[in-house]
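Taking it in order: structure first as structure tokens, then the write-up.
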Amino acid sequence: MARQTRQRILDASLAMFNAQGEPHVTTNHIADELEISPGNLYYHFRNKDDIIEHLFTRFEERMDAALVAPDGRLPGLEDIWLQLHHVFEAIWDYRFLYRDLVEILSRNRRLRVRFARILRRADEQAHAVMRGLSQAGVMRASTDELRAVATNVLVIATFWLNYASARGDKDEHAAIRDGIVQVMMLLAPFLRDAERVHLNSLVRAYID
């Protein structure tokens with residue numbers, strides 16, 4: 001029963017943080033939503049930051065799984081597309097972390113360190129993917145261009161949903177779709193002709 005209550009607190013907190021914004025939700029609000037006493041909540045979690053850290057652990061696990069490279073082979077366009085799906089879906093499911101990023105990280109050093117680790121891993125993965133596409137003959141670009149594309153991919157993937165929210169997009173699936181297309185199109189100028197045709201086919205099929 002205790003484990004079930006703990007899970008309910010985390011699930012409710014995530015839903016409320018995403019819907020209302022983390023700064024606007026207190027532990028009392030969470031307890032009221034679950035119809036439990038604040039004391040019952042504090043039995044499971046020390047404070048709101050403790051809840052956030054446990055949610056962040058879930059998010060880390062999702063991102064670590066999403067950032068796994070293809071095993072034993074060089075990446076292709078479909079690999080990047082699928083990986084972006086997993087990354088965007090994880091960011092969407094834990095979007096309060098990004099929307100309230102500065103506020104959360106400013107008061108929690110442990111989360112600053114952990115979020116920086118995710119960004120470093122994503123950065124390393126983006127650069128490895130670009131090098132892999134070049135080695136596979138999919139892309140034709142200089143070392144500096146590959147580095148720049150990798151960084152741009154990371155920046156847009158990290159903050160696209162914030163941008164979509166700021167411009168008023170309400171459709172989750174459309175926001176994710178548009179973000180993936182936007183990232184993939186960063187590669188287009190550097191693709192060989194056949195791969196560019198393939199990318200355009202993927203985009204058309206995805207949008208339709």
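Each chain of the structure tokens is named A, B, ... in the order shown, its residues numbered from 1; ligands are numbered from 1 in display order.
By chain and then residue number, the residues within 7 Å of Met63 in chain A are A:Phe59, A:Glu60, A:Ala66, A:Leu67, A:Val87, A:Ala90, counting only C-alpha atoms and disregarding those fewer than 3 positions away in sequence.
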Selection to disk with C-alpha atoms, as an mmCIF file, in the first residue's frame:
data_model
loop_
_atom_site.group_PDB
_atom_site.id
_atom_site.type_symbol
_atom_site.label_atom_id
_atom_site.label_comp_id
_atom_site.auth_asym_id
_atom_site.auth_seq_id
_atom_site.Cartn_x
_atom_site.Cartn_y
_atom_site.Cartn_z
ATOM 1 C CA PHE A 59 13.061 11.177 -16.899
ATOM 2 C CA GLU A 60 16.759 10.246 -16.841
ATOM 3 C CA ALA A 66 16.349 7.044 -26.012
ATOM 4 C CA LEU A 67 20.008 7.942 -26.521
ATOM 5 C CA VAL A 87 13.552 12.041 -27.081
ATOM 6 C CA ALA A 90 10.229 11.954 -23.061
#
So which residues touch range 12-28 of chain A within 7 Å, counting only C-alpha atoms, skipping near sequence neighbours fewer than 4 positions away, as a compact mmCIF listing (two decimals) with N, CA, C and O atoms, in the first residue's frame?
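Result file follows (around.txt):
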# COMPACT_ATOMS: atom_id res chain seq x y z
N ARG A 8 1.28 6.96 -6.62
CA ARG A 8 0.19 7.90 -6.87
C ARG A 8 0.65 9.34 -6.68
O ARG A 8 0.26 10.24 -7.44
N ASP A 32 -4.11 17.49 -1.49
CA ASP A 32 -5.54 17.73 -1.72
C ASP A 32 -6.04 16.96 -2.94
O ASP A 32 -7.14 16.38 -2.93
N PRO A 38 -1.31 16.06 4.33
CA PRO A 38 0.08 16.46 4.08
C PRO A 38 1.08 15.58 4.81
O PRO A 38 2.16 15.28 4.29
N LYS A 48 8.83 19.15 -1.79
CA LYS A 48 8.53 19.16 -3.22
C LYS A 48 9.76 18.85 -4.06
O LYS A 48 9.68 18.14 -5.07
N ARG A 95 7.55 17.71 -19.46
CA ARG A 95 7.76 19.04 -20.02
C ARG A 95 7.92 20.12 -18.95
O ARG A 95 8.53 21.16 -19.22
N PHE A 96 7.40 19.90 -17.75
CA PHE A 96 7.56 20.91 -16.70
C PHE A 96 9.04 21.14 -16.39
O PHE A 96 9.43 22.25 -16.02
N ASP A 100 10.01 25.02 -16.74
CA ASP A 100 10.42 25.69 -15.50
C ASP A 100 11.89 25.42 -15.18
O ASP A 100 12.30 25.43 -14.02
Each residue of range 80-143 of chain A lying at most 10 Å from range 163-174 of chain A should get a row with its shortest atom-to-atom pair and the distance in Å to one decimal, counting only C-alpha atoms; could you produce that, ordered by chain and increasing number, as CSV?
residue,atom,partner,partner_atom,distance
A:Glu89,CA,A:His173,CA,9.2
A:Trp92,CA,A:Glu172,CA,7.8
A:Arg99,CA,A:Ser165,CA,8.9
Tell me, in Å to one decimal, how far CA of Ala126 in chain A is from CA of Glu78 in chain A.
14.5 Å
Close residues, Leu82 in chain A itself excluded, 12 Å, only C-alpha atoms, min 4 positions apart in chain, as a count of residues only:
20
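Distance annotation: of A:Gln182, A:Ile51, A:Leu154, A:Ala141, the residue with the minimal separation from Arg120 in chain A is A:Leu154; atom set is only C-alpha atoms.
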So which residues touch Leu191 in chain A within 7 Å, counting only C-alpha atoms, skipping near sequence neighbours fewer than 4 positions away, as number ranges by chain?
A: 138-140, 187, 195-196
Going by DSSP on the backbone, which bits of range 23-121 of chain A are alpha helix (DSSP H)? Write them as a ChimeraX atom specification, please.
/A:27-34,38-44,48-66,77-93,95-99,101-106,109-121
